[in-house]
file target-v5.txt (compact mmCIF, C-alpha atoms)
# COMPACT_ATOMS: atom_id res chain seq x y z
CA MET A 240 89.79 20.66 -10.48
CA ALA A 241 92.57 20.06 -7.95
CA LEU A 242 90.54 17.25 -6.39
CA LEU A 243 90.03 15.55 -9.76
CA THR A 244 93.76 15.71 -10.49
CA ALA A 245 94.60 14.17 -7.12
CA LEU A 246 92.15 11.30 -7.66
CA MET A 247 93.65 10.55 -11.08
CA GLY A 248 97.14 10.48 -9.56
CA ILE A 249 96.06 8.00 -6.88
CA THR A 250 94.41 5.76 -9.53
CA VAL A 251 97.62 5.55 -11.55
CA ILE A 252 100.11 5.31 -8.70
CA LEU A 253 98.48 2.72 -6.43
CA PRO A 254 98.39 -0.25 -8.88
CA LEU A 255 101.99 0.35 -9.84
CA THR A 256 103.47 0.73 -6.35
CA GLY A 257 101.90 -2.46 -5.11
CA ASN A 258 104.56 -4.56 -6.92
CA VAL A 259 107.56 -2.27 -6.68
CA SER A 260 110.28 -2.74 -4.10
CA PRO A 261 110.91 0.52 -2.21
CA GLY A 262 114.13 2.28 -3.09
CA ASN A 263 115.22 0.41 -6.27
CA GLY A 264 112.21 0.55 -8.59
CA THR A 265 112.21 -3.20 -9.40
CA PHE A 266 109.10 -5.36 -9.57
CA VAL A 267 108.62 -8.09 -6.96
CA ALA A 268 106.25 -11.06 -6.66
CA GLY A 269 103.19 -10.99 -4.46
CA ALA A 270 100.44 -9.46 -6.60
CA SER A 271 97.05 -10.28 -5.17
CA ALA A 272 94.54 -12.55 -6.90
CA ALA A 273 92.34 -9.56 -7.46
CA GLU A 274 95.13 -7.73 -9.23
CA ALA A 275 95.93 -10.80 -11.34
CA SER A 276 92.34 -10.93 -12.52
CA LEU A 277 92.38 -7.36 -13.77
CA PRO A 278 92.20 -7.00 -17.57
CA ALA A 279 95.37 -6.10 -19.45
CA THR A 280 95.89 -2.44 -20.19
CA VAL A 281 95.87 -3.02 -23.98
CA ASP A 282 92.55 -4.86 -23.69
CA VAL A 283 91.03 -2.04 -21.69
CA LEU A 284 92.19 0.61 -24.12
CA ALA A 285 91.14 -1.38 -27.18
CA GLY A 286 87.82 -2.34 -25.69
CA SER A 287 88.20 -5.97 -26.84
CA THR A 288 90.81 -8.66 -27.38
CA VAL A 289 92.52 -8.47 -30.80
CA GLY A 290 91.49 -11.43 -32.97
CA THR A 291 93.62 -13.31 -35.50
CA VAL A 292 90.95 -13.41 -38.24
CA PRO A 293 91.37 -10.55 -40.76
CA PRO A 294 88.51 -8.08 -41.10
CA PRO A 295 85.96 -9.02 -43.76
CA ALA A 296 87.08 -6.19 -46.06
CA LEU A 297 90.70 -7.39 -46.00
CA ALA A 298 89.70 -11.01 -46.45
CA ALA A 299 87.59 -10.10 -49.48
CA SER A 300 90.48 -8.07 -50.92
CA ALA A 301 92.87 -11.01 -50.54
CA ALA A 302 90.36 -13.35 -52.15
CA ASN A 303 89.90 -10.98 -55.08
CA LEU A 304 93.64 -10.67 -55.55
CA SER A 305 93.99 -14.42 -55.61
CA ARG A 306 91.25 -14.78 -58.22
CA ALA A 307 92.81 -12.00 -60.29
CA GLU A 308 96.18 -13.73 -60.27
CA ILE A 309 94.63 -17.00 -61.32
CA ALA A 310 92.65 -15.30 -64.09
CA ALA A 311 95.79 -13.58 -65.33
CA SER A 312 97.68 -16.84 -65.56
CA ARG A 313 94.82 -18.52 -67.40
CA SER A 314 94.39 -15.66 -69.88
CA GLU A 315 98.07 -15.56 -70.75
CA VAL A 316 98.39 -15.08 -74.49
CA ARG A 317 99.65 -18.19 -76.23
CA ASP A 318 102.89 -17.78 -78.17
CA PRO A 319 101.84 -18.04 -81.85
CA LEU A 320 105.19 -19.58 -82.79
CA PRO A 321 106.93 -21.14 -79.76
CA GLY A 322 110.63 -20.41 -79.56
CA CYS A 323 110.50 -17.53 -82.05
CA ASP A 324 111.76 -14.10 -81.06
CA GLY A 325 109.14 -11.93 -82.75
CA THR A 326 111.08 -8.68 -82.57
CA ALA A 327 112.34 -6.95 -85.71
CA ARG A 328 116.03 -7.44 -86.44
CA SER A 329 118.60 -5.46 -88.38
CA ALA A 330 118.08 -5.70 -92.12
CA GLY A 331 121.38 -7.44 -92.86
CA ALA A 332 121.89 -8.32 -96.51
CA ASN A 333 119.27 -9.64 -98.91
CA GLY A 334 119.46 -13.42 -99.10
CA GLN A 335 122.17 -13.50 -96.45
CA LEU A 336 120.23 -13.15 -93.19
CA LYS A 337 121.69 -14.60 -90.02
CA THR A 338 120.23 -17.87 -88.84
CA ASP A 339 119.46 -16.29 -85.46
CA ASP A 340 117.27 -13.69 -87.17
CA LEU A 341 115.07 -16.35 -88.77
CA CYS A 342 112.23 -18.40 -87.30
CA THR A 343 110.98 -21.71 -88.64
CA LEU A 344 107.28 -21.82 -89.50
CA TRP A 345 104.77 -24.43 -88.34
CA ASP A 346 105.71 -26.80 -91.20
CA GLY A 347 109.14 -27.24 -89.61
CA THR A 348 111.03 -26.22 -92.77
CA LEU A 349 110.25 -22.78 -94.18
CA GLN A 350 111.65 -19.70 -92.46
CA LEU A 351 111.00 -15.96 -92.18
CA ARG A 352 112.50 -13.06 -90.28
CA GLY A 353 111.31 -13.24 -86.68
CA ASP A 354 108.72 -10.46 -86.71
CA ALA A 355 107.25 -11.61 -90.03
CA ALA A 356 107.17 -15.24 -88.87
CA SER A 357 105.42 -14.39 -85.62
CA SER A 358 102.81 -12.29 -87.41
CA LEU A 359 102.17 -14.96 -90.05
CA ALA A 360 101.80 -17.54 -87.28
CA GLU A 361 99.04 -15.40 -85.78
CA ILE A 362 97.23 -15.48 -89.12
CA ASN A 363 97.69 -19.23 -89.22
CA LEU A 364 96.12 -19.68 -85.78
CA ALA A 365 93.09 -17.65 -86.83
CA PHE A 366 92.90 -19.44 -90.18
CA LYS A 367 93.12 -22.83 -88.48
CA ALA A 368 90.38 -21.88 -86.02
CA ARG A 369 88.17 -20.94 -88.97
CA PHE A 370 88.95 -23.76 -91.42
CA GLY A 371 90.36 -26.54 -89.23
CA ARG A 372 93.76 -26.73 -90.94
CA ASP A 373 97.04 -24.86 -91.30
CA LEU A 374 97.56 -22.25 -93.98
CA CYS A 375 99.45 -23.85 -96.86
CA VAL A 376 102.73 -22.09 -97.75
CA THR A 377 105.17 -23.26 -100.44
CA ASP A 378 107.98 -20.71 -100.20
CA ALA A 379 109.33 -18.17 -97.70
CA TYR A 380 112.91 -16.94 -97.10
CA ARG A 381 115.31 -17.53 -99.98
CA THR A 382 119.06 -17.28 -99.90
CA ILE A 383 120.79 -15.25 -102.58
CA ALA A 384 121.91 -18.51 -104.22
CA GLU A 385 118.34 -19.85 -104.32
CA GLN A 386 117.12 -16.60 -105.87
CA ARG A 387 119.77 -16.84 -108.59
CA VAL A 388 118.66 -20.36 -109.46
CA LEU A 389 115.01 -19.27 -109.55
CA LYS A 390 115.84 -16.27 -111.75
CA ALA A 391 117.66 -18.52 -114.20
CA LYS A 392 114.60 -20.81 -114.42
CA LYS A 393 111.78 -18.26 -114.53
CA GLY A 394 113.38 -15.20 -116.08
CA GLY A 395 111.14 -12.14 -115.79
CA LEU A 396 108.73 -13.92 -113.43
CA ALA A 397 111.37 -13.89 -110.67
CA ALA A 398 112.87 -10.86 -108.95
CA VAL A 399 116.45 -9.85 -109.55
CA PRO A 400 118.69 -11.57 -106.97
CA GLY A 401 119.21 -9.13 -104.10
CA ARG A 402 115.91 -7.38 -104.82
CA SER A 403 113.40 -10.00 -103.69
CA ASN A 404 111.45 -9.64 -100.48
CA HIS A 405 111.86 -13.39 -100.08
CA GLY A 406 115.53 -12.55 -99.60
CA TRP A 407 114.62 -10.25 -96.72
CA GLY A 408 112.56 -12.99 -95.07
CA LEU A 409 109.45 -10.84 -95.47
CA ALA A 410 107.46 -12.65 -98.16
CA VAL A 411 105.74 -15.99 -98.68
CA ASP A 412 104.16 -17.83 -101.59
CA LEU A 413 100.92 -19.63 -100.81
CA CYS A 414 99.80 -22.93 -102.25
CA SER A 415 97.60 -22.53 -105.31
CA ASN A 416 94.55 -23.90 -103.47
CA GLU A 417 94.74 -20.92 -101.07
CA THR A 418 94.08 -18.46 -103.91
CA LYS A 419 90.46 -19.42 -104.39
CA GLY A 420 87.34 -20.27 -102.43
CA ALA A 421 86.40 -19.38 -98.86
CA GLY A 422 89.99 -19.44 -97.61
CA TRP A 423 91.05 -16.90 -100.24
CA THR A 424 88.14 -14.63 -99.38
CA TRP A 425 89.04 -14.86 -95.68
CA LEU A 426 92.69 -14.02 -96.35
CA LYS A 427 91.84 -10.96 -98.42
CA GLU A 428 89.48 -9.72 -95.71
CA ASN A 429 91.73 -10.45 -92.72
CA GLY A 430 95.35 -10.51 -93.89
CA GLY A 431 95.78 -6.77 -93.45
CA ILE A 432 94.74 -7.01 -89.79
CA TYR A 433 97.91 -9.00 -89.15
CA GLY A 434 100.08 -6.84 -91.40
CA TRP A 435 100.13 -9.07 -94.50
CA GLU A 436 98.88 -8.29 -97.98
CA ASN A 437 98.97 -9.41 -101.57
CA PRO A 438 100.87 -6.29 -102.76
CA ALA A 439 99.47 -3.90 -105.32
CA TRP A 440 102.04 -4.79 -107.98
CA ALA A 441 100.97 -8.47 -107.80
CA LEU A 442 97.26 -7.76 -108.24
CA SER A 443 95.49 -8.20 -111.56
CA GLY A 444 96.35 -5.06 -113.54
CA GLY A 445 99.27 -4.18 -111.23
CA SER A 446 102.72 -3.13 -112.36
CA GLY A 447 104.15 -6.63 -112.04
CA PRO A 448 103.12 -10.18 -112.90
CA HIS A 449 99.78 -11.29 -111.47
CA GLU A 450 100.72 -13.34 -108.40
CA PRO A 451 97.80 -13.85 -106.01
CA TRP A 452 99.91 -16.38 -104.09
CA HIS A 453 102.62 -13.83 -103.23
CA TRP A 454 102.08 -12.13 -99.85
CA GLU A 455 104.33 -9.71 -98.00
CA TYR A 456 104.72 -8.50 -94.42
CA THR A 457 103.92 -4.86 -95.16
CA ARG A 458 105.52 -3.16 -92.15
CA GLY A 459 108.81 -4.99 -92.65
CA VAL A 460 108.85 -4.40 -96.38
CA GLN A 461 108.21 -0.67 -95.98
CA ALA A 462 111.00 -0.37 -93.42
CA ASP A 463 113.65 -2.74 -94.73
CA GLY A 464 112.59 -4.43 -97.94
CA GLU A 465 111.70 -3.68 -101.53
CA TYR A 466 108.45 -1.71 -101.36
CA TYR A 467 106.52 -1.30 -104.59
CA ASN A 468 103.08 0.23 -104.16
CA SER A 469 101.88 0.23 -107.76
call {"tool": "encode", "arguments": {"input": "target-v5.txt", "output": "structure tokens"}}
result
Amino acid sequence: MALLTALMGITVILPLTGNVSPGNGTFVAGASAAEASLPATVDVLAGSTVGTVPPPALAASAANLSRAEIAASRSEVRDPLPGCDGTARSAGANGQLKTDDLCTLWDGTLQLRGDAASSLAEINLAFKARFGRDLCVTDAYRTIAEQRVLKAKKGGLAAVPGRSNHGWGLAVDLCSNETKGAGWTWLKENGGIYGWENPAWALSGGSGPHEPWHWEYTRGVQADGEYYNS
């Protein structure tokens, strides 16, 4: 054991002392060609020179990450109504909603509260994909003044000003051609998926006038509007 220890000491000490100046511990020139040709310590310990190409596993991981990022960007959900903040807003006052709380629909004129507008725009995209055209809407948000005029013209067929869900920006009236045929069937089957319905009171035999064209954003109406479920 003592002999093995001594041999190890000689092996370590001799290569180092060959280039050290006696007395001050500094390295000096003059290493032999044989010493210069010796492999570096790191190479010896590692067993091979470290390459710059990443291991196959890491390369594959990086490639997968890149593809995932690309896929994510391509699958980004399209905004159903560009520029519209689809979050629910404070109820405000019926027929007196703030302009900032309203979003303009695809026709460029009619407006609804942001969350209702965004949801209706989703229906429109699905409807357009199915039938090749936009959903036809004739009426949406009404100001309190507009509701008063309508009430004066239609009497009992119009809601009392301040009690209409049009005034909350949560109701629309569809064009008459949307209340029949394949489009009407599609709406009745799919409207509820997006949160819209022809309310119970407006159905044939309901508590109010029969209005198949009148549709409401159910979640908004239940939370902030005039909800009649009979």
call {"tool": "atom_distance", "arguments": {"input": "target-v5.txt", "atom1": "atom CA of A:Cys375", "atom2": "atom CA of A:Ala397"}}
result
20.8 Å
call {"tool": "residues_around", "arguments": {"input": "target-v5.txt", "residues": "A:Arg369", "least_positions_apart": "5", "cutoff": "10 Å", "atoms": "only C-alpha atoms", "output": "list in words"}}
result
Asn363, Leu364, Gly422 and Trp425 of chain A
call {"tool": "closest_residue", "arguments": {"input": "target-v5.txt", "among": "A:Gly347, A:Pro448, A:Gly353, A:Gly430", "to": "A:Ala327", "atoms": "all atoms listed in the file"}}
result
A:Gly353
call {"tool": "atom_distance", "arguments": {"input": "target-v5.txt", "atom1": "atom CA of A:Leu320", "atom2": "atom CA of A:Leu336"}}
result
19.4 Å
call {"tool": "residues_around", "arguments": {"input": "target-v5.txt", "residues": "stretch 459-468 of chain A", "least_positions_apart": "4", "cutoff": "7 Å", "atoms": "only C-alpha atoms", "output": "PDB file with C-alpha atoms, keeping the file's coordinate frame"}}
result
ATOM      1  CA  ALA A 330     118.080  -5.700 -92.120  1.00  0.00           C
ATOM      2  CA  ARG A 402     115.910  -7.380-104.820  1.00  0.00           C
ATOM      3  CA  SER A 403     113.400 -10.000-103.690  1.00  0.00           C
ATOM      4  CA  ASN A 404     111.450  -9.640-100.480  1.00  0.00           C
ATOM      5  CA  TRP A 407     114.620 -10.250 -96.720  1.00  0.00           C
ATOM      6  CA  LEU A 409     109.450 -10.840 -95.470  1.00  0.00           C
ATOM      7  CA  ALA A 439      99.470  -3.900-105.320  1.00  0.00           C
ATOM      8  CA  TRP A 440     102.040  -4.790-107.980  1.00  0.00           C
TER       9      TRP A 440
END
call {"tool": "atom_distance", "arguments": {"input": "target-v5.txt", "atom1": "atom CA of A:Leu341", "atom2": "atom CA of A:Ala356"}}
result
8.0 Å
call {"tool": "closest_residue", "arguments": {"input": "target-v5.txt", "among": "A:Thr348, A:Ala368, A:Glu361, A:Gly406", "to": "A:Gln335", "atoms": "only C-alpha atoms"}}
result
A:Gly406
call {"tool": "residues_around", "arguments": {"input": "target-v5.txt", "residues": "A:Glu436", "least_positions_apart": "4", "cutoff": "8 Å", "atoms": "only C-alpha atoms", "output": "short mmCIF file (atom, residue, chain, number, x, y, z; two decimals) with C-alpha atoms, keeping the file's coordinate frame"}}
result
data_model
loop_
_atom_site.label_atom_id
_atom_site.label_comp_id
_atom_site.auth_asym_id
_atom_site.auth_seq_id
_atom_site.Cartn_x
_atom_site.Cartn_y
_atom_site.Cartn_z
CA LYS A 427 91.84 -10.96 -98.42
CA GLY A 430 95.35 -10.51 -93.89
CA GLY A 431 95.78 -6.77 -93.45
CA TRP A 454 102.08 -12.13 -99.85
CA GLU A 455 104.33 -9.71 -98.00
CA TYR A 456 104.72 -8.50 -94.42
CA THR A 457 103.92 -4.86 -95.16
#
call {"tool": "closest_residue", "arguments": {"input": "target-v5.txt", "among": "A:Asn437, A:Thr326, A:Thr382, A:Asn333", "to": "A:Ser358", "atoms": "all atoms listed in the file"}}
result
A:Thr326
